[in-house]
Amino acid sequence: MRVPADQTEKAVHEAIEAKVTRVWMQKGSESKPAIKLCEEKGISTIHGECIMMFAEPVKSCHAFHRFLWKLFWEIAGMIRKRNV
């Protein structure tokens with residue numbers, strides 16, 4: 001969903017009524033009450049991520065951002081393994 005953060009909780013209530021089981025809150029649209037509501041209702045939620053990094057084909061600046069995200073995620077994983 002891509003709505004202003006102050007309207008996301010209302011949108012989640014509408015999703016619950018429509019029996020939606022998965023919600024993607026586009027980066028900037030998420031709100032803590034909406035995330036909590038999804039958790040309470042058992043709705044699978046993605047938030048804080050830009051869908052343009054995952055919707056194929058990934059192009060332009062989103063492709064570069066995704067490359068960096070994967071690179072740093074791998075580096076963080078290597079660091080975690082060393083610290084275990």
# chains A, B, ... in the order shown; residues from 1 in each chain; ligands from 1

$ residues_around --residues "Trp69 (chain A)" --least-positions-apart "4" --cutoff "12 Å" --atoms "only C-alpha atoms" --output "short mmCIF file (atom, residue, chain, number, x, y, z; two decimals) with N, CA, C and O atoms, in the first residue's frame"
data_model
loop_
_atom_site.label_atom_id
_atom_site.label_comp_id
_atom_site.auth_asym_id
_atom_site.auth_seq_id
_atom_site.Cartn_x
_atom_site.Cartn_y
_atom_site.Cartn_z
N GLU A 49 10.70 -1.15 3.15
CA GLU A 49 11.41 -1.53 1.92
C GLU A 49 10.69 -0.93 0.71
O GLU A 49 9.47 -0.83 0.71
N CYS A 50 11.46 -0.57 -0.29
CA CYS A 50 10.89 -0.04 -1.53
C CYS A 50 10.60 -1.20 -2.48
O CYS A 50 11.50 -1.98 -2.80
N MET A 53 12.78 -2.21 -5.55
CA MET A 53 14.01 -3.00 -5.45
C MET A 53 13.74 -4.49 -5.67
O MET A 53 14.66 -5.27 -5.82
N PHE A 54 12.48 -4.89 -5.68
CA PHE A 54 12.14 -6.30 -5.75
C PHE A 54 11.28 -6.65 -6.96
O PHE A 54 11.22 -7.80 -7.36
N HIS A 62 17.37 1.96 -8.73
CA HIS A 62 16.91 0.85 -7.89
C HIS A 62 17.81 -0.38 -8.04
O HIS A 62 18.04 -1.10 -7.07
N ALA A 63 18.33 -0.60 -9.22
CA ALA A 63 19.24 -1.72 -9.43
C ALA A 63 20.53 -1.51 -8.63
O ALA A 63 21.03 -2.43 -7.99
N PHE A 64 21.05 -0.29 -8.64
CA PHE A 64 22.25 0.01 -7.88
C PHE A 64 21.98 -0.12 -6.38
O PHE A 64 22.77 -0.70 -5.64
N HIS A 65 20.85 0.39 -5.94
CA HIS A 65 20.47 0.30 -4.53
C HIS A 65 20.35 -1.16 -4.10
O HIS A 65 20.80 -1.55 -3.03
N TRP A 73 24.27 -6.75 3.04
CA TRP A 73 23.62 -7.85 3.75
C TRP A 73 24.57 -9.04 3.85
O TRP A 73 24.67 -9.68 4.89
N GLU A 74 25.29 -9.33 2.78
CA GLU A 74 26.27 -10.43 2.79
C GLU A 74 27.41 -10.13 3.75
O GLU A 74 27.85 -11.01 4.49
N ILE A 75 27.90 -8.90 3.74
CA ILE A 75 28.98 -8.52 4.65
C ILE A 75 28.51 -8.64 6.10
O ILE A 75 29.23 -9.18 6.95
N ALA A 76 27.32 -8.18 6.38
CA ALA A 76 26.77 -8.30 7.75
C ALA A 76 26.66 -9.74 8.16
O ALA A 76 26.95 -10.10 9.31
#

$ select_by_dssp --residues "chain A" --states "alpha helix (DSSP H)" --output "ChimeraX atom specification"
/A:5-17,32-41,60-83

$ write_last_selection --atoms "C-alpha atoms" --output "short mmCIF file (atom, residue, chain, number, x, y, z; two decimals), in the first residue's frame"
data_model
loop_
_atom_site.label_atom_id
_atom_site.label_comp_id
_atom_site.auth_asym_id
_atom_site.auth_seq_id
_atom_site.Cartn_x
_atom_site.Cartn_y
_atom_site.Cartn_z
CA ALA A 5 1.59 7.14 7.03
CA ASP A 6 -1.27 8.75 8.96
CA GLN A 7 -3.76 6.83 6.77
CA THR A 8 -2.07 3.43 6.82
CA GLU A 9 -3.88 2.13 9.90
CA LYS A 10 -7.24 2.87 8.23
CA ALA A 11 -6.04 1.08 5.08
CA VAL A 12 -5.03 -1.94 7.19
CA HIS A 13 -8.52 -2.03 8.74
CA GLU A 14 -9.94 -2.10 5.21
CA ALA A 15 -7.53 -4.90 4.28
CA ILE A 16 -8.67 -6.88 7.33
CA GLU A 17 -12.30 -6.49 6.28
CA LYS A 32 3.81 1.61 14.17
CA PRO A 33 0.07 1.22 14.92
CA ALA A 34 -0.55 -0.27 11.45
CA ILE A 35 2.36 -2.70 11.81
CA LYS A 36 1.14 -3.72 15.28
CA LEU A 37 -2.40 -4.22 13.97
CA CYS A 38 -1.12 -6.50 11.21
CA GLU A 39 0.87 -8.52 13.76
CA GLU A 40 -2.18 -8.86 16.02
CA LYS A 41 -4.35 -10.03 13.12
CA SER A 60 18.01 2.52 -12.89
CA CYS A 61 18.95 3.68 -9.41
CA HIS A 62 16.91 0.85 -7.89
CA ALA A 63 19.24 -1.72 -9.43
CA PHE A 64 22.25 0.01 -7.88
CA HIS A 65 20.47 0.30 -4.53
CA ARG A 66 19.59 -3.40 -4.64
CA PHE A 67 23.22 -4.27 -5.44
CA LEU A 68 24.40 -2.28 -2.40
CA TRP A 69 21.69 -3.78 -0.19
CA LYS A 70 22.71 -7.34 -1.15
CA LEU A 71 26.41 -6.53 -0.76
CA PHE A 72 26.02 -5.07 2.73
CA TRP A 73 23.62 -7.85 3.75
CA GLU A 74 26.27 -10.43 2.79
CA ILE A 75 28.98 -8.52 4.65
CA ALA A 76 26.77 -8.30 7.75
CA GLY A 77 26.17 -12.06 7.53
CA MET A 78 29.91 -12.74 7.41
CA ILE A 79 30.46 -10.51 10.45
CA ARG A 80 27.66 -12.26 12.38
CA LYS A 81 29.19 -15.68 11.62
CA ARG A 82 32.57 -14.52 12.98
CA ASN A 83 31.00 -13.22 16.18
#

$ atom_distance --atom1 "CA of Ser31 (chain A)" --atom2 "CA of Ala55 (chain A)"
22.6 Å

$ select_by_dssp --residues "region 2-78 of chain A" --states "strand (DSSP E or B)" --output "ChimeraX atom specification"
/A:22-26,44-49

$ write_last_selection --atoms "N, CA and C atoms" --output "short mmCIF file (atom, residue, chain, number, x, y, z; two decimals), in the first residue's frame"
data_model
loop_
_atom_site.label_atom_id
_atom_site.label_comp_id
_atom_site.auth_asym_id
_atom_site.auth_seq_id
_atom_site.Cartn_x
_atom_site.Cartn_y
_atom_site.Cartn_z
N ARG A 22 -1.71 -10.59 3.30
CA ARG A 22 -0.36 -10.05 3.15
C ARG A 22 -0.44 -8.57 2.79
N VAL A 23 0.42 -7.78 3.43
CA VAL A 23 0.43 -6.34 3.18
C VAL A 23 1.87 -5.87 3.00
N TRP A 24 2.10 -5.08 1.97
CA TRP A 24 3.38 -4.42 1.77
C TRP A 24 3.14 -2.94 2.02
N MET A 25 3.76 -2.40 3.06
CA MET A 25 3.68 -0.97 3.33
C MET A 25 4.90 -0.33 2.70
N GLN A 26 4.68 0.38 1.62
CA GLN A 26 5.79 1.01 0.91
C GLN A 26 6.57 1.91 1.86
N SER A 44 0.76 -11.13 7.31
CA SER A 44 2.16 -11.08 6.93
C SER A 44 2.44 -9.68 6.38
N THR A 45 3.49 -9.04 6.91
CA THR A 45 3.74 -7.64 6.57
C THR A 45 5.19 -7.40 6.17
N ILE A 46 5.37 -6.64 5.12
CA ILE A 46 6.68 -6.12 4.75
C ILE A 46 6.57 -4.61 4.88
N HIS A 47 7.55 -4.01 5.53
CA HIS A 47 7.54 -2.56 5.66
C HIS A 47 8.98 -2.05 5.69
N GLY A 48 9.14 -0.78 5.35
CA GLY A 48 10.46 -0.19 5.35
C GLY A 48 11.30 -0.54 4.13
N GLU A 49 10.70 -1.15 3.15
CA GLU A 49 11.41 -1.53 1.92
C GLU A 49 10.69 -0.93 0.71
#

$ atom_distance --atom1 "CA of Ser29 (chain A)" --atom2 "CA of Lys59 (chain A)"
22.3 Å
